[in-house]
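K.L.:
Mind having a look at this structure? Questions to follow.
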Amino acid sequence: MTRLLIALFFTLSLFAQTRPIYYLLWFDTEDYVDHASDDAALRLATTLESMGVQATFKVVGEKARRLEKRDRRDVINALARHDIGYHTNLHSIPPAPASYQRILHPLEAIEEFSRREEPGLRDLQRIFGVLPSCYGQPGDSWGPAANVALRRWGVPVYMDDGNQVGLNGQPFWLGGMLYIFNLKGFTLRPDINKPETLPATNRQFNGMVDLLRGKGGVIQTYFHPTEFSATEFWDGVNFLGGAYTPPEGYRMPRRRSPESAEAAYRALFDFVRHVQSIPGVKIITARQAPLLFQDPLQPVAIADARRQFQTSIDIQGPHSAADQLLALLGLPPQYVDGPVARGQSSVNGATLSRMMFDRARLDAIGYIQTHKRLPHTVWAGSERLSLPDFAATLAGDTGSASVEVRKGITAFERHVAADTDKTYGWVIHPRGFAAPELLEQARLQAWTLKPARLR
Ligand SMILES: [Zn+2]
């Protein structure tokens, strides 16, 4: 009896500390070449609905328009009963988002992203009757201009997979967006072509749940409806390596046999039933996600920020580097973008006069309040400080008559990927494509990077 009570006590105290584990299932609904993928989307949506599972279908603008043109109200309605996200206007028709963003000034890239991508978002809104809950790039064609445009449109979540930016394999805030992205050890896809591996995949899922027990976290699975109707990607056969094929020349991907399609569906549905069977795991959509995380604007302890910035400018607890800088400037918690360039310091001496530094501080405040963005350079008369040097100098300012100029070290940049073959290796990008400019932009926008903490 006593042993039973002890066991009960431990079970109860475990529950008391438990943060939720959330599971997201999403489908990039993009194949506007092969009609068979319409039926695959329908089958996925209706079966999951009958299982009581709400998924997120990230739809491409061109796909939605074709569903409408072909009068597939059945597909549109079935998807609309799930959550609808956005997955670009044209997906694989060149130029891809990273291609057109990388050659533009970051502020121009925002306007160009809007010009190219907003029409598809509005079409989705008209066709599905709802503003998409999230956005994700085609392939790995990520770029930071999306963040600002999405915020303007009222789309709060960036949900995809990619390795350009990441934070400990769990959701994070970047550019004012909730990122469900780069969930390294917490992205799991059952092999729908090898149903015999399902028990191992289920065990892998259990292992992820065990790792998150107590502290909580997010696990995701993603597929494309076209994977259930075809054995190759629709865009690989039409847009490989940046090639353009006009609609009248579209080639169909190789289709699955009915038996192979059935086996694929069964593998996914069996896996999702396993997910449903695990206590403490809650299946959610992108639309629900923002409500499940703590407010990203938390008051910063100035003394902590001061200490942090003098050694290295880094994320501290739930605070981004930008949050901490605003606190040091005496500004209230608010979201502001990172700088658009890397400034260079040109201060001649080791110190600045009190009067000059105070002017610089006020100038920085003015810039931030006007542009809602961090300046890359802060002027002290005709001399200037790069943003990191200004931040470190500000943190070290003791109020004395002369202010010691310090060198700022931005540690948060380590969360951005290096420029390698794999960073932008999507087969639809032109062969050998790289976008070091966008990774540099990511490092600058990482001033706003911080963990997204579950409620
Ligand atoms: Zn896609």
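Residue numbering restarts at 1 in every chain; chains get A, B, ... in the order shown in the structure tokens, and ligands count up from 1 in that same order.
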Can I get the residues close to ligand 1 as a list of chain:residue names, where close means within 9 Å and we count only C-alpha atoms and all ligand atoms?
P.N.:
A:Phe27, A:Asp28, A:Thr29, A:Glu30, A:Asp31, A:Lys58, A:Val59, A:Val60, A:His87, A:Thr88, A:His91, A:Ser92, A:Gly136, A:Gln137, A:Pro138, A:Gly139, A:Asp140, A:His224
K.L.:
Could you give me, as a list in words, the residues within 9 Å of region 266-270 of chain A, counting only C-alpha atoms and dropping anything in the same chain fewer than 3 positions from it?
P.N.:
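Once the nearby chain positions are removed, what remains is Leu44, Thr47, Leu48, Met51, Arg189, Pro190, Asp191, Ile192, Asn193, Lys194, Pro195, Glu196, Leu198, Ala261, Glu262, Ala263, Arg273, His274 and Val275 of chain A.
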K.L.:
Write a file of the selected residues as a short mmCIF file (atom, residue, chain, number, x, y, z; two decimals), in the first residue's frame, keeping N, CA and C atoms.
P.N.:
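Contents of the output file again.cif:
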data_model
loop_
_atom_site.label_atom_id
_atom_site.label_comp_id
_atom_site.auth_asym_id
_atom_site.auth_seq_id
_atom_site.Cartn_x
_atom_site.Cartn_y
_atom_site.Cartn_z
N LEU A 44 -5.95 12.85 -47.86
CA LEU A 44 -5.25 13.16 -46.60
C LEU A 44 -6.16 13.98 -45.68
N THR A 47 -9.38 11.80 -44.44
CA THR A 47 -9.05 10.72 -43.49
C THR A 47 -8.58 11.28 -42.17
N LEU A 48 -7.71 12.29 -42.23
CA LEU A 48 -7.22 12.88 -40.97
C LEU A 48 -8.39 13.49 -40.19
N MET A 51 -10.13 10.98 -38.35
CA MET A 51 -9.35 10.52 -37.19
C MET A 51 -9.33 11.56 -36.07
N ARG A 189 9.76 11.93 -40.03
CA ARG A 189 8.94 11.54 -41.18
C ARG A 189 8.97 10.03 -41.32
N PRO A 190 7.82 9.36 -41.11
CA PRO A 190 7.81 7.92 -41.36
C PRO A 190 8.14 7.66 -42.83
N ASP A 191 8.85 6.57 -43.11
CA ASP A 191 9.17 6.24 -44.50
C ASP A 191 7.96 5.57 -45.14
N ILE A 192 7.23 6.35 -45.95
CA ILE A 192 5.97 5.84 -46.52
C ILE A 192 6.23 4.81 -47.62
N ASN A 193 7.48 4.64 -48.01
CA ASN A 193 7.80 3.60 -48.99
C ASN A 193 8.30 2.33 -48.33
N LYS A 194 8.52 2.38 -47.02
CA LYS A 194 8.99 1.19 -46.30
C LYS A 194 8.15 1.02 -45.04
N PRO A 195 6.91 0.57 -45.21
CA PRO A 195 6.02 0.45 -44.04
C PRO A 195 6.61 -0.44 -42.95
N GLU A 196 7.52 -1.35 -43.34
CA GLU A 196 8.09 -2.26 -42.34
C GLU A 196 8.97 -1.50 -41.31
N LEU A 198 8.00 1.15 -39.77
CA LEU A 198 7.12 1.93 -38.90
C LEU A 198 7.35 1.69 -37.40
N ALA A 261 0.21 3.57 -53.49
CA ALA A 261 -0.41 4.73 -52.86
C ALA A 261 -1.10 4.31 -51.56
N GLU A 262 -1.82 3.20 -51.60
CA GLU A 262 -2.52 2.73 -50.39
C GLU A 262 -1.53 2.45 -49.27
N ALA A 263 -0.43 1.80 -49.61
CA ALA A 263 0.58 1.48 -48.59
C ALA A 263 1.15 2.77 -47.99
N ARG A 273 -1.73 7.68 -35.89
CA ARG A 273 -2.49 7.01 -34.81
C ARG A 273 -1.58 6.72 -33.62
N HIS A 274 -0.33 6.37 -33.91
CA HIS A 274 0.61 6.16 -32.81
C HIS A 274 0.83 7.47 -32.03
N VAL A 275 1.01 8.57 -32.77
CA VAL A 275 1.18 9.88 -32.12
C VAL A 275 -0.03 10.17 -31.21
#
K.L.:
Can you pull out the residues contacting region 67-76 of chain A? Cut-off 12 Å, using only C-alpha atoms, and skip same-chain residues under 5 positions away; I want them as a PyMOL selection string.
P.N.:
chain A and resi 29-46+57+59-62+81-84+123-130+225
K.L.:
Those same residues - C-alpha atoms - I'd like them written as a PDB file, in the first residue's frame.
P.N.:
ATOM      1  CA  THR A  29       0.322  21.499 -51.058  1.00  0.00           C
ATOM      2  CA  GLU A  30       2.091  22.676 -54.157  1.00  0.00           C
ATOM      3  CA  ASP A  31       1.857  20.303 -57.114  1.00  0.00           C
ATOM      4  CA  TYR A  32      -0.037  22.293 -59.757  1.00  0.00           C
ATOM      5  CA  VAL A  33       1.195  20.029 -62.562  1.00  0.00           C
ATOM      6  CA  ASP A  34      -0.426  16.662 -61.822  1.00  0.00           C
ATOM      7  CA  HIS A  35      -4.181  16.551 -61.055  1.00  0.00           C
ATOM      8  CA  ALA A  36      -3.698  13.295 -59.166  1.00  0.00           C
ATOM      9  CA  SER A  37      -2.177  15.307 -56.317  1.00  0.00           C
ATOM     10  CA  ASP A  38      -5.563  17.061 -55.852  1.00  0.00           C
ATOM     11  CA  ASP A  39      -7.094  13.730 -54.921  1.00  0.00           C
ATOM     12  CA  ALA A  40      -4.148  12.946 -52.664  1.00  0.00           C
ATOM     13  CA  ALA A  41      -4.751  16.223 -50.778  1.00  0.00           C
ATOM     14  CA  LEU A  42      -8.456  15.333 -50.525  1.00  0.00           C
ATOM     15  CA  ARG A  43      -7.728  11.853 -49.203  1.00  0.00           C
ATOM     16  CA  LEU A  44      -5.255  13.160 -46.600  1.00  0.00           C
ATOM     17  CA  ALA A  45      -7.629  15.898 -45.450  1.00  0.00           C
ATOM     18  CA  THR A  46     -10.729  13.705 -45.173  1.00  0.00           C
ATOM     19  CA  PHE A  57      -1.959  22.574 -45.398  1.00  0.00           C
ATOM     20  CA  VAL A  59      -0.924  25.901 -50.147  1.00  0.00           C
ATOM     21  CA  VAL A  60       0.806  27.460 -53.171  1.00  0.00           C
ATOM     22  CA  GLY A  61      -1.124  30.318 -54.835  1.00  0.00           C
ATOM     23  CA  GLU A  62      -0.986  28.676 -58.266  1.00  0.00           C
ATOM     24  CA  ARG A  81     -11.643  22.340 -42.525  1.00  0.00           C
ATOM     25  CA  HIS A  82      -7.974  22.009 -41.547  1.00  0.00           C
ATOM     26  CA  ASP A  83      -5.599  24.945 -41.100  1.00  0.00           C
ATOM     27  CA  ILE A  84      -4.436  26.833 -44.214  1.00  0.00           C
ATOM     28  CA  ASP A 123      -5.876  34.406 -53.763  1.00  0.00           C
ATOM     29  CA  LEU A 124      -5.702  31.902 -50.900  1.00  0.00           C
ATOM     30  CA  GLN A 125      -7.642  34.285 -48.716  1.00  0.00           C
ATOM     31  CA  ARG A 126     -10.350  34.586 -51.395  1.00  0.00           C
ATOM     32  CA  ILE A 127     -10.480  30.880 -52.260  1.00  0.00           C
ATOM     33  CA  PHE A 128     -10.283  29.417 -48.728  1.00  0.00           C
ATOM     34  CA  GLY A 129     -11.995  32.312 -46.949  1.00  0.00           C
ATOM     35  CA  VAL A 130      -9.247  32.662 -44.375  1.00  0.00           C
ATOM     36  CA  PRO A 225       0.231  15.402 -50.946  1.00  0.00           C
TER      37      PRO A 225
END
K.L.:
Give me, please, the distance in Å between CA of Val157 (chain A) and CA of Asn182 (chain A), quoted to one decimal.
P.N.:
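Computing the Euclidean distance for CA of Val157 (chain A) and CA of Asn182 (chain A) yields 13.7 Å.
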K.L.:
Could you pull the residues within 8 Å of Pro333 (chain A), counting only C-alpha atoms, minus those fewer than 6 positions along the same chain, as a PyMOL selection string?
P.N.:
chain A and resi 297-300+323+326-327
K.L.:
Store the residues of this selection in a file with C-alpha atoms, as an mmCIF file, in the first residue's frame.
P.N.:
data_model
loop_
_atom_site.group_PDB
_atom_site.id
_atom_site.type_symbol
_atom_site.label_atom_id
_atom_site.label_comp_id
_atom_site.auth_asym_id
_atom_site.auth_seq_id
_atom_site.Cartn_x
_atom_site.Cartn_y
_atom_site.Cartn_z
ATOM 1 C CA LEU A 297 8.184 41.006 -25.029
ATOM 2 C CA GLN A 298 9.361 40.486 -21.455
ATOM 3 C CA PRO A 299 10.916 43.221 -19.312
ATOM 4 C CA VAL A 300 14.714 43.001 -19.252
ATOM 5 C CA ASP A 323 15.636 43.448 -26.411
ATOM 6 C CA LEU A 326 16.521 48.671 -26.015
ATOM 7 C CA ALA A 327 16.517 48.216 -22.241
#
K.L.:
So that I can see what lies close to Trp426 (chain A), please list as a PyMOL selection string the residues with an atom at most 12 Å from it, counting only C-alpha atoms and leaving out residues fewer than 4 positions away in the same chain.
P.N.:
chain A and resi 92+96-99+137-142+162-163+235-236+239-242+421-422+430-435
K.L.:
Could you go through region 224-337 of chain A and tell me which residues DSSP, when run on the backbone, assigns to strand (DSSP E or B), listing them as a ChimeraX atom specification?
P.N.:
/A:230,255,281-284,293,313,316,319,337
K.L.:
Atoms to include: N, CA and C atoms. Write the selected residues as a PDB file, in the first residue's frame.
P.N.:
ATOM      1  N   ALA A 230       2.589  10.431 -56.508  1.00  0.00           N
ATOM      2  CA  ALA A 230       3.690  10.276 -57.471  1.00  0.00           C
ATOM      3  C   ALA A 230       4.942   9.744 -56.781  1.00  0.00           C
ATOM      4  N   ARG A 255       3.601   8.372 -61.712  1.00  0.00           N
ATOM      5  CA  ARG A 255       2.571   8.132 -60.685  1.00  0.00           C
ATOM      6  C   ARG A 255       2.847   6.857 -59.910  1.00  0.00           C
ATOM      7  N   VAL A 281       0.770  14.177 -25.444  1.00  0.00           N
ATOM      8  CA  VAL A 281       1.112  14.795 -26.728  1.00  0.00           C
ATOM      9  C   VAL A 281      -0.159  15.395 -27.329  1.00  0.00           C
ATOM     10  N   LYS A 282      -0.081  16.682 -27.659  1.00  0.00           N
ATOM     11  CA  LYS A 282      -1.258  17.361 -28.193  1.00  0.00           C
ATOM     12  C   LYS A 282      -0.984  17.770 -29.641  1.00  0.00           C
ATOM     13  N   ILE A 283      -1.890  17.423 -30.530  1.00  0.00           N
ATOM     14  CA  ILE A 283      -1.725  17.779 -31.945  1.00  0.00           C
ATOM     15  C   ILE A 283      -2.326  19.162 -32.171  1.00  0.00           C
ATOM     16  N   ILE A 284      -1.509  20.045 -32.748  1.00  0.00           N
ATOM     17  CA  ILE A 284      -1.955  21.432 -32.955  1.00  0.00           C
ATOM     18  C   ILE A 284      -1.695  21.863 -34.407  1.00  0.00           C
ATOM     19  N   PHE A 293       2.685  30.029 -26.802  1.00  0.00           N
ATOM     20  CA  PHE A 293       4.006  30.498 -26.366  1.00  0.00           C
ATOM     21  C   PHE A 293       3.876  31.769 -25.536  1.00  0.00           C
ATOM     22  N   ILE A 313      27.844  40.020 -26.802  1.00  0.00           N
ATOM     23  CA  ILE A 313      26.462  40.422 -27.076  1.00  0.00           C
ATOM     24  C   ILE A 313      25.735  39.153 -27.493  1.00  0.00           C
ATOM     25  N   GLN A 316      20.051  36.277 -23.924  1.00  0.00           N
ATOM     26  CA  GLN A 316      20.135  35.991 -22.490  1.00  0.00           C
ATOM     27  C   GLN A 316      18.747  35.580 -22.002  1.00  0.00           C
ATOM     28  N   HIS A 319      15.523  36.776 -23.713  1.00  0.00           N
ATOM     29  CA  HIS A 319      15.727  38.080 -24.347  1.00  0.00           C
ATOM     30  C   HIS A 319      16.710  38.014 -25.516  1.00  0.00           C
ATOM     31  N   ASP A 337      13.371  45.633 -35.906  1.00  0.00           N
ATOM     32  CA  ASP A 337      14.200  44.798 -36.780  1.00  0.00           C
ATOM     33  C   ASP A 337      15.678  44.963 -36.465  1.00  0.00           C
TER      34      ASP A 337
END
K.L.:
Could you give me, as a PyMOL selection string, each residue of region 105-321 of chain A that DSSP assigns to helix (DSSP H, G or I) when run on this structure's backbone?
P.N.:
chain A and resi 106-128+145-153+184-186+195-212+226-229+240-242+247-249+258-277+289-292+302-311+321
K.L.:
May I have a table of the residues of region 275-388 of chain A lying at most 8 Å from region 395-406 of chain A, giving each one's closest pair of atoms and their distance in Å to one decimal, counting only C-alpha atoms, ordered by chain and ascending residue number, as JSON lines?
P.N.:
{"residue": "A:Ala305", "atom": "CA", "partner": "A:Ala395", "partner_atom": "CA", "distance": 7.5}
{"residue": "A:Arg306", "atom": "CA", "partner": "A:Ala395", "partner_atom": "CA", "distance": 4.6}
{"residue": "A:Arg307", "atom": "CA", "partner": "A:Ala395", "partner_atom": "CA", "distance": 7.3}
{"residue": "A:Phe309", "atom": "CA", "partner": "A:Ala395", "partner_atom": "CA", "distance": 6.1}
{"residue": "A:Gln310", "atom": "CA", "partner": "A:Ala395", "partner_atom": "CA", "distance": 6.2}
{"residue": "A:Leu328", "atom": "CA", "partner": "A:Ala395", "partner_atom": "CA", "distance": 7.0}
{"residue": "A:Ala350", "atom": "CA", "partner": "A:Val405", "partner_atom": "CA", "distance": 5.5}
{"residue": "A:Thr351", "atom": "CA", "partner": "A:Glu404", "partner_atom": "CA", "distance": 4.4}
{"residue": "A:Leu352", "atom": "CA", "partner": "A:Val403", "partner_atom": "CA", "distance": 5.1}
{"residue": "A:Ser353", "atom": "CA", "partner": "A:Ser402", "partner_atom": "CA", "distance": 4.6}
{"residue": "A:Arg354", "atom": "CA", "partner": "A:Ala401", "partner_atom": "CA", "distance": 5.1}
{"residue": "A:Phe357", "atom": "CA", "partner": "A:Val403", "partner_atom": "CA", "distance": 7.1}
K.L.:
Export C-alpha atoms of the chosen residues as a short mmCIF file (atom, residue, chain, number, x, y, z; two decimals), in the first residue's frame?
P.N.:
data_model
loop_
_atom_site.label_atom_id
_atom_site.label_comp_id
_atom_site.auth_asym_id
_atom_site.auth_seq_id
_atom_site.Cartn_x
_atom_site.Cartn_y
_atom_site.Cartn_z
CA ALA A 305 22.03 43.16 -19.96
CA ARG A 306 24.93 45.40 -18.95
CA ARG A 307 26.96 42.44 -17.73
CA PHE A 309 27.05 42.91 -23.37
CA GLN A 310 30.46 43.65 -21.86
CA LEU A 328 20.01 49.74 -21.99
CA ALA A 350 40.02 55.16 -26.81
CA THR A 351 37.35 57.38 -25.28
CA LEU A 352 34.49 59.68 -26.22
CA SER A 353 33.52 62.74 -24.22
CA ARG A 354 30.37 62.52 -22.11
CA PHE A 357 28.45 59.94 -26.23
#
K.L.:
Which residue, A:Gly317, A:Gly216, A:Pro144, A:Pro199, has the smallest gap to Leu292 (chain A) when you use only C-alpha atoms?
P.N.:
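The closest residue to Leu292 (chain A) is A:Gly216.
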K.L.:
Pull the closest atom pair for each residue of region 109-147 of chain A that gets at most 12 Å from region 443-454 of chain A, along with the distance in Å to one decimal, counting only C-alpha atoms, ordering rows by chain and then ascending residue number, as CSV.
P.N.:
residue,atom,partner,partner_atom,distance
A:Gly143,CA,A:Gln445,CA,10.9
A:Pro144,CA,A:Gln445,CA,7.8
A:Ala145,CA,A:Gln445,CA,10.2
A:Asn147,CA,A:Gln445,CA,10.0
K.L.:
In Å, how far is it from CA of Thr410 (chain A) to CA of Gln344 (chain A)?
P.N.:
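Going from CA of Thr410 (chain A) over to CA of Gln344 (chain A), I get 13.9 Å.
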K.L.:
Name all residues at most 10 Å from region 376-384 of chain A (count only C-alpha atoms; drop same-chain ones fewer than 2 positions away) and give them as a JSON list (two decimals) with C-alpha atoms, in the first residue's frame.
P.N.:
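Full text of part.json as output:
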[["chain", "number", "residue", "atom", "x", "y", "z"],
["A", 338, "GLY", "CA", 17.92, 44.12, -36.84],
["A", 339, "PRO", "CA", 20.27, 46.39, -38.82],
["A", 340, "VAL", "CA", 20.44, 46.09, -42.61],
["A", 341, "ALA", "CA", 24.24, 46.29, -42.83],
["A", 342, "ARG", "CA", 27.41, 45.83, -40.83],
["A", 343, "GLY", "CA", 28.70, 49.22, -39.70],
["A", 344, "GLN", "CA", 32.35, 50.14, -39.25],
["A", 345, "SER", "CA", 33.66, 52.08, -36.26],
["A", 346, "SER", "CA", 35.88, 55.08, -36.99],
["A", 347, "VAL", "CA", 36.55, 56.47, -33.54],
["A", 348, "ASN", "CA", 40.10, 57.80, -33.26],
["A", 352, "LEU", "CA", 34.49, 59.68, -26.22],
["A", 353, "SER", "CA", 33.52, 62.74, -24.22],
["A", 355, "MET", "CA", 28.73, 65.16, -24.28],
["A", 356, "MET", "CA", 29.52, 63.32, -27.53],
["A", 357, "PHE", "CA", 28.45, 59.94, -26.23],
["A", 358, "ASP", "CA", 25.16, 61.31, -24.89],
["A", 359, "ARG", "CA", 24.50, 62.81, -28.32],
["A", 360, "ALA", "CA", 25.23, 59.41, -29.89],
["A", 361, "ARG", "CA", 22.86, 57.69, -27.50],
["A", 362, "LEU", "CA", 20.03, 60.11, -28.30],
["A", 363, "ASP", "CA", 20.72, 59.71, -32.00],
["A", 364, "ALA", "CA", 20.42, 55.92, -31.68],
["A", 365, "ILE", "CA", 17.10, 56.30, -29.81],
["A", 367, "TYR", "CA", 16.74, 56.23, -35.28],
["A", 373, "ARG", "CA", 14.95, 49.09, -36.73],
["A", 374, "LEU", "CA", 18.40, 49.08, -35.15],
["A", 386, "SER", "CA", 29.30, 50.15, -35.37],
["A", 387, "LEU", "CA", 26.16, 48.84, -33.65],
["A", 388, "PRO", "CA", 28.04, 46.14, -31.64],
["A", 389, "ASP", "CA", 30.71, 48.62, -30.55],
["A", 390, "PHE", "CA", 28.04, 51.14, -29.57],
["A", 391, "ALA", "CA", 26.14, 48.45, -27.60],
["A", 444, "LEU", "CA", 22.32, 40.83, -38.77]]
K.L.:
So which one's closest to Glu413 (chain A), A:Leu167, A:Val218, A:Leu104, A:Ala149? Using only C-alpha atoms, please.
P.N.:
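Looking only at the distances to Glu413 (chain A), the closest residue turns out to be A:Leu167.
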K.L.:
Let me make sure I understand: among A:Ala303, A:Met177, A:Ala289, A:Ile368, which one has the smallest atom-to-atom distance to Pro332 (chain A) if we use only C-alpha atoms?
P.N.:
A:Ile368
